[in-house]
Each structure stands twice: as C-alpha cells, then as structure tokens.
file entry_10.cif (mmCIF, N, CA and C atoms)
data_entry
loop_
_atom_site.label_atom_id
_atom_site.label_comp_id
_atom_site.auth_asym_id
_atom_site.auth_seq_id
_atom_site.Cartn_x
_atom_site.Cartn_y
_atom_site.Cartn_z
N MET T 1 -56.18 100.30 130.56
CA MET T 1 -55.87 101.24 131.63
C MET T 1 -54.37 101.50 131.71
N LYS T 2 -53.58 100.43 131.56
CA LYS T 2 -52.13 100.59 131.62
C LYS T 2 -51.65 101.48 130.48
N ARG T 3 -52.28 101.35 129.31
CA ARG T 3 -51.89 102.17 128.16
C ARG T 3 -52.19 103.64 128.40
N VAL T 4 -53.32 103.91 129.01
CA VAL T 4 -53.70 105.29 129.31
C VAL T 4 -52.71 105.90 130.29
N LEU T 5 -52.39 105.15 131.36
CA LEU T 5 -51.42 105.65 132.34
C LEU T 5 -50.04 105.85 131.70
N PHE T 6 -49.64 104.92 130.86
CA PHE T 6 -48.35 105.04 130.18
C PHE T 6 -48.33 106.27 129.27
N ALA T 7 -49.40 106.49 128.51
CA ALA T 7 -49.48 107.65 127.62
C ALA T 7 -49.46 108.95 128.42
N LEU T 8 -50.18 108.97 129.54
CA LEU T 8 -50.21 110.16 130.39
C LEU T 8 -48.83 110.43 130.98
N LEU T 9 -48.18 109.40 131.48
CA LEU T 9 -46.85 109.54 132.05
C LEU T 9 -45.84 110.00 131.00
N LEU T 10 -45.92 109.43 129.81
CA LEU T 10 -45.02 109.81 128.73
C LEU T 10 -45.22 111.26 128.32
N SER T 11 -46.46 111.69 128.20
CA SER T 11 -46.73 113.08 127.80
C SER T 11 -46.28 114.06 128.88
N LEU T 12 -46.47 113.72 130.15
CA LEU T 12 -46.00 114.61 131.22
C LEU T 12 -44.47 114.70 131.22
N THR T 13 -43.82 113.59 130.97
CA THR T 13 -42.36 113.59 130.91
C THR T 13 -41.86 114.46 129.77
N LEU T 14 -42.46 114.32 128.62
CA LEU T 14 -42.03 115.11 127.46
C LEU T 14 -42.32 116.60 127.64
N LEU T 15 -43.45 116.93 128.25
CA LEU T 15 -43.79 118.33 128.45
C LEU T 15 -42.94 118.98 129.54
N SER T 16 -42.45 118.22 130.48
CA SER T 16 -41.66 118.79 131.56
C SER T 16 -40.21 119.04 131.17
N CYS T 17 -39.77 118.48 130.05
CA CYS T 17 -38.40 118.66 129.59
C CYS T 17 -38.35 119.75 128.55
N SER T 18 -37.50 120.70 128.75
CA SER T 18 -37.35 121.77 127.78
C SER T 18 -36.11 121.51 126.94
N LEU T 19 -36.27 121.53 125.63
CA LEU T 19 -35.14 121.35 124.75
C LEU T 19 -34.36 122.65 124.56
N ASP T 20 -34.96 123.77 124.91
CA ASP T 20 -34.29 125.06 124.76
C ASP T 20 -33.97 125.61 126.13
N ASP T 21 -32.73 125.41 126.57
CA ASP T 21 -32.33 125.90 127.88
C ASP T 21 -31.70 127.29 127.80
N GLY T 22 -31.81 127.94 126.63
CA GLY T 22 -31.27 129.28 126.48
C GLY T 22 -29.85 129.30 125.97
N ASP T 23 -29.11 128.22 126.09
CA ASP T 23 -27.73 128.17 125.61
C ASP T 23 -27.68 127.40 124.30
N LYS T 24 -27.33 128.10 123.25
CA LYS T 24 -27.16 127.44 121.96
C LYS T 24 -25.68 127.18 121.75
N LEU T 25 -25.37 126.03 121.20
CA LEU T 25 -23.98 125.66 120.96
C LEU T 25 -23.59 126.00 119.53
N TYR T 26 -22.36 126.48 119.37
CA TYR T 26 -21.84 126.84 118.07
C TYR T 26 -20.53 126.10 117.83
N LEU T 27 -20.32 125.69 116.59
CA LEU T 27 -19.02 125.13 116.21
C LEU T 27 -18.12 126.27 115.79
N GLU T 28 -16.89 126.22 116.28
CA GLU T 28 -15.92 127.26 115.93
C GLU T 28 -14.60 126.58 115.57
N ILE T 29 -13.99 127.00 114.47
CA ILE T 29 -12.69 126.45 114.10
C ILE T 29 -11.62 127.19 114.89
N VAL T 30 -10.75 126.42 115.54
CA VAL T 30 -9.69 126.97 116.38
C VAL T 30 -8.35 126.59 115.77
N PRO T 31 -7.41 127.53 115.70
CA PRO T 31 -6.10 127.23 115.08
C PRO T 31 -5.30 126.19 115.86
N VAL T 32 -4.54 125.41 115.13
CA VAL T 32 -3.59 124.46 115.71
C VAL T 32 -2.38 125.25 116.18
N SER T 33 -1.85 124.91 117.37
CA SER T 33 -0.65 125.61 117.87
C SER T 33 0.61 124.77 117.70
N ALA T 34 0.48 123.44 117.66
CA ALA T 34 1.66 122.58 117.49
C ALA T 34 1.21 121.19 117.03
N VAL T 35 2.12 120.51 116.34
CA VAL T 35 1.88 119.15 115.86
C VAL T 35 3.12 118.32 116.16
N GLU T 36 2.94 117.14 116.75
CA GLU T 36 4.05 116.21 116.95
C GLU T 36 3.89 115.10 115.93
N MET T 37 4.54 115.27 114.78
CA MET T 37 4.37 114.31 113.69
C MET T 37 5.23 113.09 113.94
N PRO T 38 4.62 111.91 114.04
CA PRO T 38 5.39 110.67 114.18
C PRO T 38 6.28 110.44 112.95
N THR T 39 7.28 109.60 113.10
CA THR T 39 8.22 109.37 112.00
C THR T 39 7.91 108.11 111.21
N ALA T 40 7.09 107.22 111.74
CA ALA T 40 6.80 105.96 111.05
C ALA T 40 5.30 105.77 110.90
N PHE T 41 4.90 105.37 109.68
CA PHE T 41 3.50 105.09 109.38
C PHE T 41 3.44 103.79 108.61
N ARG T 42 2.41 102.99 108.87
CA ARG T 42 2.24 101.71 108.17
C ARG T 42 0.88 101.68 107.50
N VAL T 43 0.81 101.04 106.36
CA VAL T 43 -0.45 100.87 105.64
C VAL T 43 -1.42 100.07 106.51
N ASP T 44 -2.67 100.52 106.55
CA ASP T 44 -3.76 99.88 107.30
C ASP T 44 -3.50 99.78 108.80
N SER T 45 -2.66 100.65 109.32
CA SER T 45 -2.38 100.70 110.75
C SER T 45 -2.65 102.12 111.25
N ILE T 46 -3.32 102.22 112.39
CA ILE T 46 -3.65 103.54 112.94
C ILE T 46 -2.45 104.12 113.68
N THR T 47 -2.10 105.34 113.32
CA THR T 47 -1.06 106.10 114.01
C THR T 47 -1.70 107.35 114.59
N GLN T 48 -1.42 107.64 115.85
CA GLN T 48 -1.96 108.84 116.47
C GLN T 48 -1.00 110.00 116.25
N ILE T 49 -1.56 111.12 115.80
CA ILE T 49 -0.79 112.36 115.61
C ILE T 49 -1.26 113.33 116.68
N PRO T 50 -0.41 113.63 117.69
CA PRO T 50 -0.81 114.59 118.73
C PRO T 50 -0.87 116.01 118.17
N ILE T 51 -2.02 116.64 118.33
CA ILE T 51 -2.25 118.00 117.84
C ILE T 51 -2.62 118.87 119.03
N SER T 52 -1.93 119.99 119.17
CA SER T 52 -2.22 120.92 120.26
C SER T 52 -2.91 122.17 119.71
N TYR T 53 -3.78 122.72 120.53
CA TYR T 53 -4.45 123.98 120.21
C TYR T 53 -4.68 124.72 121.51
N ILE T 54 -4.93 126.01 121.39
CA ILE T 54 -5.20 126.83 122.57
C ILE T 54 -6.68 127.20 122.57
N ARG T 55 -7.37 126.80 123.62
CA ARG T 55 -8.78 127.17 123.74
C ARG T 55 -8.87 128.67 123.96
N PRO T 56 -9.70 129.36 123.19
CA PRO T 56 -9.82 130.81 123.37
C PRO T 56 -10.39 131.20 124.73
N THR T 57 -11.29 130.36 125.27
CA THR T 57 -11.90 130.61 126.58
C THR T 57 -12.18 129.25 127.24
N PRO T 58 -12.47 129.25 128.53
CA PRO T 58 -12.86 128.00 129.18
C PRO T 58 -14.21 127.47 128.67
N CYS T 59 -14.97 128.28 127.95
CA CYS T 59 -16.26 127.86 127.40
C CYS T 59 -16.11 127.08 126.10
N HIS T 60 -14.90 126.94 125.58
CA HIS T 60 -14.65 126.18 124.36
C HIS T 60 -14.24 124.76 124.72
N GLU T 61 -14.93 123.79 124.13
CA GLU T 61 -14.63 122.38 124.36
C GLU T 61 -14.35 121.70 123.03
N PHE T 62 -13.36 120.81 123.01
CA PHE T 62 -13.03 120.09 121.79
C PHE T 62 -14.25 119.31 121.31
N SER T 63 -14.50 119.39 120.00
CA SER T 63 -15.60 118.64 119.41
C SER T 63 -15.09 117.56 118.47
N ASN T 64 -14.27 117.96 117.50
CA ASN T 64 -13.80 117.04 116.50
C ASN T 64 -12.74 117.75 115.66
N PHE T 65 -12.30 117.07 114.62
CA PHE T 65 -11.37 117.68 113.68
C PHE T 65 -12.08 118.02 112.39
N TYR T 66 -11.72 119.17 111.83
CA TYR T 66 -12.02 119.41 110.43
C TYR T 66 -10.96 118.61 109.68
N TYR T 67 -11.37 117.74 108.78
CA TYR T 67 -10.44 116.85 108.10
C TYR T 67 -10.87 116.75 106.65
N ASN T 68 -10.07 117.34 105.76
CA ASN T 68 -10.38 117.31 104.33
C ASN T 68 -9.30 116.51 103.63
N SER T 69 -9.73 115.50 102.88
CA SER T 69 -8.81 114.58 102.21
C SER T 69 -9.03 114.68 100.70
N ILE T 70 -7.99 115.11 99.98
CA ILE T 70 -8.02 115.13 98.53
C ILE T 70 -6.75 114.44 98.05
N GLY T 71 -6.91 113.27 97.44
CA GLY T 71 -5.75 112.48 97.03
C GLY T 71 -4.91 112.15 98.25
N ASN T 72 -3.64 112.50 98.21
CA ASN T 72 -2.75 112.27 99.35
C ASN T 72 -2.51 113.54 100.16
N GLU T 73 -3.37 114.54 99.98
CA GLU T 73 -3.25 115.77 100.76
C GLU T 73 -4.33 115.79 101.83
N ARG T 74 -3.92 116.15 103.05
CA ARG T 74 -4.83 116.23 104.18
C ARG T 74 -4.76 117.63 104.78
N THR T 75 -5.92 118.26 104.95
CA THR T 75 -6.00 119.55 105.62
C THR T 75 -6.74 119.34 106.93
N VAL T 76 -6.15 119.83 108.02
CA VAL T 76 -6.68 119.55 109.36
C VAL T 76 -6.80 120.85 110.16
N ALA T 77 -7.90 120.98 110.89
CA ALA T 77 -8.10 122.07 111.85
C ALA T 77 -8.89 121.48 113.02
N VAL T 78 -9.07 122.27 114.06
CA VAL T 78 -9.77 121.81 115.27
C VAL T 78 -11.13 122.49 115.36
N TYR T 79 -12.17 121.68 115.60
CA TYR T 79 -13.50 122.22 115.88
C TYR T 79 -13.71 122.22 117.38
N CYS T 80 -14.17 123.36 117.91
CA CYS T 80 -14.58 123.45 119.31
C CYS T 80 -16.05 123.82 119.37
N LEU T 81 -16.73 123.33 120.39
CA LEU T 81 -18.10 123.76 120.68
C LEU T 81 -18.03 124.86 121.72
N THR T 82 -18.82 125.91 121.52
CA THR T 82 -18.91 126.97 122.51
C THR T 82 -20.35 127.44 122.57
N ASN T 83 -20.74 127.97 123.70
CA ASN T 83 -22.11 128.47 123.83
C ASN T 83 -22.18 129.97 123.57
N GLY T 84 -21.06 130.59 123.22
CA GLY T 84 -21.07 132.01 122.93
C GLY T 84 -21.27 132.87 124.17
N ASN T 85 -21.08 132.30 125.35
CA ASN T 85 -21.28 133.00 126.61
C ASN T 85 -20.34 134.20 126.70
N GLN T 86 -20.91 135.37 126.89
CA GLN T 86 -20.12 136.60 126.97
C GLN T 86 -19.33 136.69 128.29
N ASN T 87 -19.66 135.84 129.27
CA ASN T 87 -18.98 135.88 130.55
C ASN T 87 -17.67 135.09 130.55
N CYS T 88 -17.34 134.42 129.45
CA CYS T 88 -16.11 133.65 129.38
C CYS T 88 -14.94 134.59 129.12
N VAL T 89 -13.95 134.52 129.97
CA VAL T 89 -12.80 135.41 129.88
C VAL T 89 -11.78 134.81 128.90
N PRO T 90 -11.41 135.57 127.86
CA PRO T 90 -10.39 135.06 126.93
C PRO T 90 -9.09 134.77 127.66
N SER T 91 -8.41 133.72 127.23
CA SER T 91 -7.16 133.33 127.87
C SER T 91 -6.34 132.50 126.91
N THR T 92 -5.03 132.53 127.08
CA THR T 92 -4.13 131.68 126.29
C THR T 92 -3.53 130.58 127.16
N ASP T 93 -4.10 130.38 128.34
CA ASP T 93 -3.57 129.39 129.29
C ASP T 93 -4.16 128.01 129.11
N TYR T 94 -5.01 127.82 128.14
CA TYR T 94 -5.74 126.56 128.00
C TYR T 94 -5.24 125.77 126.79
N GLU T 95 -3.99 125.34 126.81
CA GLU T 95 -3.49 124.53 125.71
C GLU T 95 -3.91 123.07 125.93
N ILE T 96 -4.48 122.50 124.90
CA ILE T 96 -5.01 121.14 124.94
C ILE T 96 -4.34 120.34 123.83
N THR T 97 -4.02 119.08 124.10
CA THR T 97 -3.49 118.19 123.06
C THR T 97 -4.46 117.03 122.88
N VAL T 98 -4.84 116.80 121.63
CA VAL T 98 -5.76 115.72 121.29
C VAL T 98 -5.15 114.89 120.15
N PRO T 99 -5.42 113.58 120.12
CA PRO T 99 -4.84 112.74 119.07
C PRO T 99 -5.73 112.69 117.82
N LEU T 100 -5.11 112.80 116.68
CA LEU T 100 -5.77 112.57 115.40
C LEU T 100 -5.34 111.19 114.93
N ASN T 101 -6.29 110.31 114.71
CA ASN T 101 -5.99 108.96 114.22
C ASN T 101 -5.87 108.98 112.70
N PHE T 102 -4.72 108.51 112.20
CA PHE T 102 -4.48 108.46 110.76
C PHE T 102 -4.20 107.03 110.37
N LYS T 103 -4.96 106.54 109.38
CA LYS T 103 -4.80 105.17 108.91
C LYS T 103 -4.64 105.20 107.39
N PRO T 104 -3.39 105.22 106.90
CA PRO T 104 -3.19 105.26 105.44
C PRO T 104 -3.63 103.95 104.79
N LYS T 105 -4.26 104.08 103.65
CA LYS T 105 -4.76 102.91 102.92
C LYS T 105 -3.76 102.40 101.89
N GLU T 106 -2.77 103.23 101.53
CA GLU T 106 -1.80 102.82 100.53
C GLU T 106 -0.45 103.47 100.80
N MET T 107 0.58 102.89 100.22
CA MET T 107 1.93 103.45 100.37
C MET T 107 2.04 104.73 99.54
N GLY T 108 2.97 105.58 99.92
CA GLY T 108 3.19 106.81 99.17
C GLY T 108 3.51 107.96 100.10
N THR T 109 3.59 109.14 99.53
CA THR T 109 3.87 110.36 100.29
C THR T 109 2.55 111.09 100.54
N TYR T 110 2.34 111.46 101.80
CA TYR T 110 1.15 112.20 102.21
C TYR T 110 1.57 113.59 102.65
N HIS T 111 0.82 114.58 102.23
CA HIS T 111 1.10 115.97 102.58
C HIS T 111 0.02 116.44 103.56
N PHE T 112 0.44 116.80 104.79
CA PHE T 112 -0.47 117.30 105.81
C PHE T 112 -0.34 118.80 105.94
N ARG T 113 -1.48 119.48 106.03
CA ARG T 113 -1.53 120.93 106.27
C ARG T 113 -2.41 121.15 107.50
N PHE T 114 -1.82 121.69 108.57
CA PHE T 114 -2.54 121.95 109.81
C PHE T 114 -2.77 123.45 109.91
N TRP T 115 -4.05 123.86 109.93
CA TRP T 115 -4.41 125.27 109.90
C TRP T 115 -4.02 125.97 111.21
N ILE T 116 -3.24 127.05 111.09
CA ILE T 116 -2.79 127.80 112.27
C ILE T 116 -3.39 129.20 112.32
N GLY T 117 -4.32 129.49 111.44
CA GLY T 117 -4.98 130.79 111.44
C GLY T 117 -4.73 131.55 110.15
N GLU T 118 -5.07 132.82 110.20
CA GLU T 118 -4.89 133.70 109.04
C GLU T 118 -3.82 134.74 109.33
N ASN T 119 -3.12 135.17 108.28
CA ASN T 119 -2.15 136.26 108.46
C ASN T 119 -2.89 137.59 108.44
N GLU T 120 -2.15 138.69 108.50
CA GLU T 120 -2.77 140.02 108.57
C GLU T 120 -3.56 140.37 107.31
N ASN T 121 -3.33 139.64 106.22
CA ASN T 121 -4.07 139.88 104.97
C ASN T 121 -5.25 138.93 104.80
N GLY T 122 -5.53 138.10 105.81
CA GLY T 122 -6.65 137.18 105.75
C GLY T 122 -6.37 135.90 104.99
N VAL T 123 -5.07 135.62 104.74
CA VAL T 123 -4.69 134.41 104.01
C VAL T 123 -4.43 133.28 105.01
N ASP T 124 -5.02 132.12 104.75
CA ASP T 124 -4.83 130.97 105.64
C ASP T 124 -3.37 130.56 105.70
N GLN T 125 -2.92 130.22 106.93
CA GLN T 125 -1.55 129.79 107.17
C GLN T 125 -1.58 128.36 107.72
N TYR T 126 -0.54 127.59 107.42
CA TYR T 126 -0.51 126.18 107.80
C TYR T 126 0.86 125.76 108.32
N ILE T 127 0.86 124.77 109.22
CA ILE T 127 2.06 123.98 109.51
C ILE T 127 1.98 122.82 108.54
N GLU T 128 3.04 122.59 107.79
CA GLU T 128 3.00 121.54 106.77
C GLU T 128 4.02 120.45 107.06
N HIS T 129 3.60 119.20 106.82
CA HIS T 129 4.45 118.04 106.99
C HIS T 129 4.23 117.08 105.82
N GLU T 130 5.31 116.51 105.34
CA GLU T 130 5.21 115.41 104.38
C GLU T 130 5.69 114.14 105.05
N ILE T 131 4.90 113.11 104.90
CA ILE T 131 5.27 111.82 105.50
C ILE T 131 5.26 110.77 104.41
N THR T 132 6.08 109.75 104.62
CA THR T 132 6.13 108.67 103.66
C THR T 132 5.66 107.38 104.32
N VAL T 133 4.70 106.76 103.67
CA VAL T 133 4.20 105.45 104.11
C VAL T 133 4.82 104.46 103.15
N ASP T 134 5.78 103.66 103.66
CA ASP T 134 6.51 102.79 102.75
C ASP T 134 6.38 101.31 103.07
N HIS T 135 5.58 100.93 104.03
CA HIS T 135 5.36 99.51 104.31
C HIS T 135 4.04 99.29 105.01
#

call {"tool": "encode", "arguments": {"input": "entry_10.cif", "output": "structure tokens"}}
result
Amino acid sequence: MKRVLFALLLSLTLLSCSLDDGDKLYLEIVPVSAVEMPTAFRVDSITQIPISYIRPTPCHEFSNFYYNSIGNERTVAVYCLTNGNQNCVPSTDYEITVPLNFKPKEMGTYHFRFWIGENENGVDQYIEHEITVDH
C-alpha cells in the first residue's frame, strides 16, 4: 500500500511540474571591455584575473568563460545566458567584473587574447597580454 501511495504521489508531482515555462535560455558570447592583468604568476598557484564586460541588457547573466588553450596561448571571452526576451532594454550601464582563475602548470611565457568583438570587416579583435611565469 505504501508503494502504491508513493508511486501515485511521485507521478502527481512529476505531472504537475512543467519543464517548459516558455522561456528558453541561450548562450551568447559577450565582448570583454577591460582586463586587469596581474604582474606575478606562480606555477601551480591560482591567480585571479579580473575581467570586465558590459551586459547588453539586464536579461543577460554571466554563465562562464569561453576558454581555449593551445600550448601557451589562451583565448578568452565571456558567455552570458539570456532568455531572448524582447522586453529587455539595451543598455551600456551594466558593467560587470568577474574573476578568471588561472593556474599555470609550467614556467614560461603565456600569451592571452581577450575577445573584444569584431571590427567593421567582421574580423575578431583582442586585448592581448603576455605574462611570464618564472617561479
């Protein structure tokens, strides 16, 4: 009897919850507006790199970083989640700063490229920094 009641309760709970509330979330890459690159980095130690970006609308929320690592080159951009709501008013008043944790595994020179958008010809533009990890 307890199993029947449990199964009935579970099925009612699952049927009463809708997974589709009408708002679908989309990932959108947002350009970096500024980077505060620290001057010292240590092997196997986490250093936070403050990265600023401007939310296009109040409906955009930070999700994560796009982070591509090839050798000692790092390409970074900001991912935001948005629901695509047409009622969100575009604005440049929403500058947000979030930390990127960087933990170098070996000594050497690292080249960072932070995506700041495209130029008028559609070519990707970057803020670039070279850092040296020497201890």

call {"tool": "closest_residue", "arguments": {"input": "entry_10.cif", "among": "T:Asn83, T:Thr97, T:Ser33, T:Thr132", "to": "His60 of chain T", "atoms": "all atoms listed in the file"}}
result
T:Asn83

call {"tool": "atom_distance", "arguments": {"input": "entry_10.cif", "atom1": "atom CA of Val30 of chain T", "atom2": "atom C of Thr47 of chain T"}}
result
21.3 Å

call {"tool": "select_by_dssp", "arguments": {"input": "entry_10.cif", "residues": "chain T", "states": "helix (DSSP H, G or I)", "output": "PyMOL selection string"}}
result
chain T and resi 2-16

call {"tool": "atom_distance", "arguments": {"input": "entry_10.cif", "atom1": "atom N of Ile54 of chain T", "atom2": "atom N of Leu27 of chain T"}}
result
16.1 Å

call {"tool": "resolve_selection", "arguments": {"input": "entry_10.cif", "expression": "the PyMOL selection byres ((chain T and resi 104) around 6)", "output": "list of chain:residue names"}}
result
T:Arg42, T:Val43, T:Asp44, T:Ser45, T:Phe102, T:Lys103, T:Lys105, T:Glu106

call {"tool": "resolve_selection", "arguments": {"input": "entry_10.cif", "expression": "the PyMOL selection byres ((chain T and resi 108-114) around 7)", "output": "PyMOL selection string"}}
result
chain T and resi 32+72-77+106-107+115-117+125-135

call {"tool": "closest_residue", "arguments": {"input": "entry_10.cif", "among": "T:Val35, T:Val123, T:Ile29, T:Ile96", "to": "Arg55 of chain T", "atoms": "all atoms listed in the file"}}
result
T:Ile96

call {"tool": "residues_around", "arguments": {"input": "entry_10.cif", "residues": "Ile49 of chain T", "least_positions_apart": "4", "cutoff": "8 Å", "atoms": "only C-alpha atoms", "output": "PyMOL selection string"}}
result
chain T and resi 35-38+99-102

call {"tool": "write_last_selection", "arguments": {"input": "entry_10.cif", "atoms": "N, CA and C atoms", "output": "short mmCIF file (atom, residue, chain, number, x, y, z; two decimals), keeping the file's coordinate frame"}}
result
data_model
loop_
_atom_site.label_atom_id
_atom_site.label_comp_id
_atom_site.auth_asym_id
_atom_site.auth_seq_id
_atom_site.Cartn_x
_atom_site.Cartn_y
_atom_site.Cartn_z
N VAL T 35 2.12 120.51 116.34
CA VAL T 35 1.88 119.15 115.86
C VAL T 35 3.12 118.32 116.16
N GLU T 36 2.94 117.14 116.75
CA GLU T 36 4.05 116.21 116.95
C GLU T 36 3.89 115.10 115.93
N MET T 37 4.54 115.27 114.78
CA MET T 37 4.37 114.31 113.69
C MET T 37 5.23 113.09 113.94
N PRO T 38 4.62 111.91 114.04
CA PRO T 38 5.39 110.67 114.18
C PRO T 38 6.28 110.44 112.95
N PRO T 99 -5.42 113.58 120.12
CA PRO T 99 -4.84 112.74 119.07
C PRO T 99 -5.73 112.69 117.82
N LEU T 100 -5.11 112.80 116.68
CA LEU T 100 -5.77 112.57 115.40
C LEU T 100 -5.34 111.19 114.93
N ASN T 101 -6.29 110.31 114.71
CA ASN T 101 -5.99 108.96 114.22
C ASN T 101 -5.87 108.98 112.70
N PHE T 102 -4.72 108.51 112.20
CA PHE T 102 -4.48 108.46 110.76
C PHE T 102 -4.20 107.03 110.37
#

call {"tool": "atom_distance", "arguments": {"input": "entry_10.cif", "atom1": "atom CA of Ile46 of chain T", "atom2": "atom CA of Ser63 of chain T"}}
result
20.3 Å

call {"tool": "closest_residue", "arguments": {"input": "entry_10.cif", "among": "T:Asn64, T:Tyr26, T:Pro58, T:Asp124", "to": "Asp93 of chain T", "atoms": "only C-alpha atoms"}}
result
T:Pro58

call {"tool": "build_atoms", "arguments": {"input": "entry_10.cif", "residues": "segment 86-99 of chain T", "atoms": "N, CA, C and O atoms", "output": "CSV table (one decimal), in the frame of the given file"}}
result
chain,number,residue,atom,x,y,z
T,86,GLN,N,-20.9,135.4,126.9
T,86,GLN,CA,-20.1,136.6,127.0
T,86,GLN,C,-19.3,136.7,128.3
T,86,GLN,O,-18.4,137.5,128.4
T,87,ASN,N,-19.7,135.8,129.3
T,87,ASN,CA,-19.0,135.9,130.6
T,87,ASN,C,-17.7,135.1,130.6
T,87,ASN,O,-17.0,135.0,131.6
T,88,CYS,N,-17.3,134.4,129.4
T,88,CYS,CA,-16.1,133.6,129.4
T,88,CYS,C,-14.9,134.6,129.1
T,88,CYS,O,-14.9,135.4,128.2
T,89,VAL,N,-14.0,134.5,130.0
T,89,VAL,CA,-12.8,135.4,129.9
T,89,VAL,C,-11.8,134.8,128.9
T,89,VAL,O,-11.4,133.7,129.1
T,90,PRO,N,-11.4,135.6,127.9
T,90,PRO,CA,-10.4,135.1,126.9
T,90,PRO,C,-9.1,134.8,127.7
T,90,PRO,O,-8.7,135.5,128.6
T,91,SER,N,-8.4,133.7,127.2
T,91,SER,CA,-7.2,133.3,127.9
T,91,SER,C,-6.3,132.5,126.9
T,91,SER,O,-6.9,131.8,126.0
T,92,THR,N,-5.0,132.5,127.1
T,92,THR,CA,-4.1,131.7,126.3
T,92,THR,C,-3.5,130.6,127.2
T,92,THR,O,-2.6,129.9,126.8
T,93,ASP,N,-4.1,130.4,128.3
T,93,ASP,CA,-3.6,129.4,129.3
T,93,ASP,C,-4.2,128.0,129.1
T,93,ASP,O,-3.9,127.1,129.9
T,94,TYR,N,-5.0,127.8,128.1
T,94,TYR,CA,-5.7,126.6,128.0
T,94,TYR,C,-5.2,125.8,126.8
T,94,TYR,O,-6.0,125.5,125.8
T,95,GLU,N,-4.0,125.3,126.8
T,95,GLU,CA,-3.5,124.5,125.7
T,95,GLU,C,-3.9,123.1,125.9
T,95,GLU,O,-3.7,122.5,127.0
T,96,ILE,N,-4.5,122.5,124.9
T,96,ILE,CA,-5.0,121.1,124.9
T,96,ILE,C,-4.3,120.3,123.8
T,96,ILE,O,-4.1,120.9,122.7
T,97,THR,N,-4.0,119.1,124.1
T,97,THR,CA,-3.5,118.2,123.1
T,97,THR,C,-4.5,117.0,122.9
T,97,THR,O,-4.9,116.4,123.9
T,98,VAL,N,-4.8,116.8,121.6
T,98,VAL,CA,-5.8,115.7,121.3
T,98,VAL,C,-5.2,114.9,120.2
T,98,VAL,O,-4.4,115.4,119.3
T,99,PRO,N,-5.4,113.6,120.1
T,99,PRO,CA,-4.8,112.7,119.1
T,99,PRO,C,-5.7,112.7,117.8
T,99,PRO,O,-6.9,112.6,117.9
